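Presented below is the structure to which this report refers.
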Amino acid sequence: MLPALSIGVVAAAAVSYAGLCTMWPTSQLYGASVTGEARSSKRLALTYDDGPNDPYTGHLLEVLARHDVKATFFMIGNFVEQRPQIARDVYNAGHAIGNHSYSHPNLIFVGEKELRSQLERTQKAIADAGCGTPTLFRPPFGGRNPRTFGVVREFGLTPIMWRVTCYDWSATSSESIVKKANAQIKGGDVILLHDGGHLAMGTDRSHTVKATDEIIRRYKGEGYEFVTVPQMMSR
C-alpha cells in the first residue's frame, strides 16, 4: 500500500508542477525563453504589454524620452489595427516591438491552428503599421503549453518572459508598483509592466506611467542602464 501511495503522491506532485509551469514566467519546462541576463549585470529591460493604448502609450513615450531610455513593447494585433499611428510613434522613437497575439487569449487552451492565426495576424498588423517585422513574442498572461513555443519559433520569433512582476494591472497607486519592483530587482532583469489593458482601448495606466518615471530615476541613480530586450539578448 505504501509504495502505491508514494507513487500516487509523486504523480500528483508532477501534475501540479507541470500545471504551474504553464504560467510561471521563469520556467523553462515548455521551451527556452528569455527572462534576463546574469544577476551580476547592471542592466535592466523595461517591457510593456497590451498596447498600443490611447492615450497612455503616448504619455509613457514622453517619460521614456525625457530619461533617454529605450524599452520593449509587446503589442496586441487588434489594437495595432485600431491605433497604427501610436505603434509607429513607438517604433520611430527607437523602441523594440514584439508580438503579443492578436486578441490576447490564454494560449494554454489554444490549439495550433488558432495559435498560428494569432501570430500571423499580429505580424501583419505590426508590419502594415510600418513598424517592421517583429522577432520577439510574449504569450498573453505568460500562458503556454508544450507546443506553444515550438510554433512561435517556426515564425522566427523568440519567446520573451520576465523575472520581475510589478502587478501594475491591479495597482491602486504608482507607489505600490514601485514597491513591488524594488522588492524583486537584482540586476539583469526583464521587468513586466503594461501600457494598456487587453480588454479595451483606453485602460487607465496612469499609475504605470508615474511608476516608470520613479523606477528609472532610482535605478539610473544607482548606476543601472536601461536597454531593450534585443540589446540584452545581443550580449
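Convention: chains lettered A, B, ... in C-alpha cells order; per-chain residue numbering from 1; ligands numbered from 1 as shown.
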Tell me, as a count of residues only, which residues lie within 8 Å of segment 48-63 of chain A, counting only C-alpha atoms; anything in the same chain fewer than 3 positions away does not count. 31
Based on the backbone DSSP call, show me all residues of segment 155-216 of chain A assigned strand (DSSP E or B), as number ranges by chain. A: 158-160, 164-165, 189-194, 197, 200
Do you know which residues are at most 8 Å from segment 119-128 of chain A counting only C-alpha atoms, after dropping those on the same chain fewer than 4 positions away, and could you put them as a short mmCIF file (atom, residue, chain, number, x, y, z; two decimals) with N, CA and C atoms, in the first residue's frame?
data_model
loop_
_atom_site.label_atom_id
_atom_site.label_comp_id
_atom_site.auth_asym_id
_atom_site.auth_seq_id
_atom_site.Cartn_x
_atom_site.Cartn_y
_atom_site.Cartn_z
N ILE A 76 -0.69 44.06 -28.99
CA ILE A 76 -1.82 43.24 -29.40
C ILE A 76 -2.22 43.66 -30.82
N GLY A 77 -2.29 42.69 -31.72
CA GLY A 77 -2.57 43.00 -33.13
C GLY A 77 -3.83 43.78 -33.36
N ASN A 78 -4.88 43.44 -32.66
CA ASN A 78 -6.16 44.13 -32.81
C ASN A 78 -6.04 45.61 -32.46
N VAL A 80 -3.20 47.36 -32.56
CA VAL A 80 -2.34 47.98 -33.57
C VAL A 80 -3.17 48.42 -34.76
N GLU A 81 -4.12 47.57 -35.17
CA GLU A 81 -5.01 47.93 -36.28
C GLU A 81 -5.86 49.14 -35.95
N PRO A 84 -2.70 52.46 -35.45
CA PRO A 84 -1.40 52.25 -36.10
C PRO A 84 -0.43 53.40 -35.89
N ALA A 87 1.51 52.93 -32.71
CA ALA A 87 2.53 51.90 -32.91
C ALA A 87 3.73 52.48 -33.65
N ASN A 99 5.48 40.78 -30.69
CA ASN A 99 4.15 40.21 -30.95
C ASN A 99 3.56 39.72 -29.62
N HIS A 100 2.33 40.16 -29.32
CA HIS A 100 1.66 39.74 -28.08
C HIS A 100 0.29 39.11 -28.38
N SER A 101 0.20 38.51 -29.57
CA SER A 101 -1.02 37.87 -30.08
C SER A 101 -1.98 38.91 -30.64
N TYR A 102 -3.03 38.43 -31.29
CA TYR A 102 -3.99 39.33 -31.93
C TYR A 102 -5.11 39.75 -31.00
N LEU A 115 -3.37 29.34 -32.77
CA LEU A 115 -2.11 30.00 -32.41
C LEU A 115 -1.44 30.58 -33.65
N GLY A 132 8.10 47.42 -39.07
CA GLY A 132 8.98 46.29 -39.31
C GLY A 132 8.32 44.96 -38.96
N THR A 133 9.10 43.91 -39.00
CA THR A 133 8.60 42.57 -38.68
C THR A 133 9.15 42.14 -37.32
N PRO A 134 8.29 41.93 -36.34
CA PRO A 134 8.77 41.55 -35.01
C PRO A 134 9.55 40.24 -35.00
N VAL A 152 5.89 29.13 -32.11
CA VAL A 152 6.39 30.51 -32.09
C VAL A 152 7.74 30.60 -32.79
N PHE A 155 7.92 30.78 -36.56
CA PHE A 155 7.65 32.10 -37.14
C PHE A 155 8.88 33.02 -37.02
#
Atom CA of Lys42 of chain A and atom CA of Asn182 of chain A, how far apart in Å? 14.4 Å
Polymer residues at most 7 Å from Ile160 of chain A, only C-alpha atoms, same-chain spacing of 3 or more positions, as a list in words: Ser33, Val34, Thr35, Leu136, Phe137 and Arg138 of chain A
Write out as a ChimeraX atom specification each polymer residue whose atoms come within 12 Å of Tyr224 of chain A, counting only C-alpha atoms; drop sequence neighbours fewer than 6 positions from it. /A:40-45,69,185-189,215-218
Output file for the residues above (C-alpha atoms, as a short mmCIF file (atom, residue, chain, number, x, y, z; two decimals), in the first residue's frame):
data_model
loop_
_atom_site.label_atom_id
_atom_site.label_comp_id
_atom_site.auth_asym_id
_atom_site.auth_seq_id
_atom_site.Cartn_x
_atom_site.Cartn_y
_atom_site.Cartn_z
CA SER A 40 25.64 40.49 -11.74
CA SER A 41 24.58 42.69 -14.67
CA LYS A 42 23.86 46.38 -14.13
CA ARG A 43 21.37 46.39 -17.00
CA LEU A 44 17.56 46.29 -16.83
CA ALA A 45 14.95 45.88 -19.58
CA VAL A 69 15.55 55.25 -22.17
CA ILE A 185 15.02 43.83 -8.99
CA LYS A 186 18.51 42.38 -8.57
CA GLY A 187 20.19 43.18 -11.89
CA GLY A 188 19.94 41.79 -15.42
CA ASP A 189 16.15 41.62 -15.12
CA ILE A 215 11.87 53.35 -11.34
CA ILE A 216 14.12 54.93 -13.95
CA ARG A 217 15.17 57.73 -11.61
CA ARG A 218 16.09 55.33 -8.81
#
What separation in Å, quoted to one decimal, exists between atom CA of Val151 of chain A and atom CA of Phe109 of chain A? 14.5 Å
Measuring between only C-alpha atoms, which one of A:Arg147, A:Ile177, A:Leu64, A:Arg163 shows the shortest distance to Ile191 of chain A? A:Arg163
To one decimal in Å, tell me the separation between atom CA of Tyr91 of chain A and atom CA of Met161 of chain A. 20.7 Å
Looking only at alpha helix (DSSP H) from DSSP on the backbone, list the matching residues of segment 27-180 of chain A as a PyMOL selection string. chain A and resi 56-66+77-82+84-92+112-128+148-154+174-180
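Residue nearest Phe149 of chain A within the list A:Thr47, A:Trp162, A:Glu112, A:Gln231: A:Glu112 [criterion: smallest interatomic distance, only C-alpha atoms].
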Nearest to Ser103 of chain A among A:Val164, A:Pro139, A:Thr228, A:Met23, with distances taken over only C-alpha atoms: which residue is it? A:Pro139
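If only C-alpha atoms are the atoms counted, then among A:Ser170, A:Val190, A:Lys179, A:Lys210 the closest residue to Val229 of chain A is A:Val190.
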My list of candidates is A:Ala129, A:Leu107, A:Leu199, A:Leu157. Which is closest to Gly142 of chain A when distances are computed with only C-alpha atoms? A:Leu107
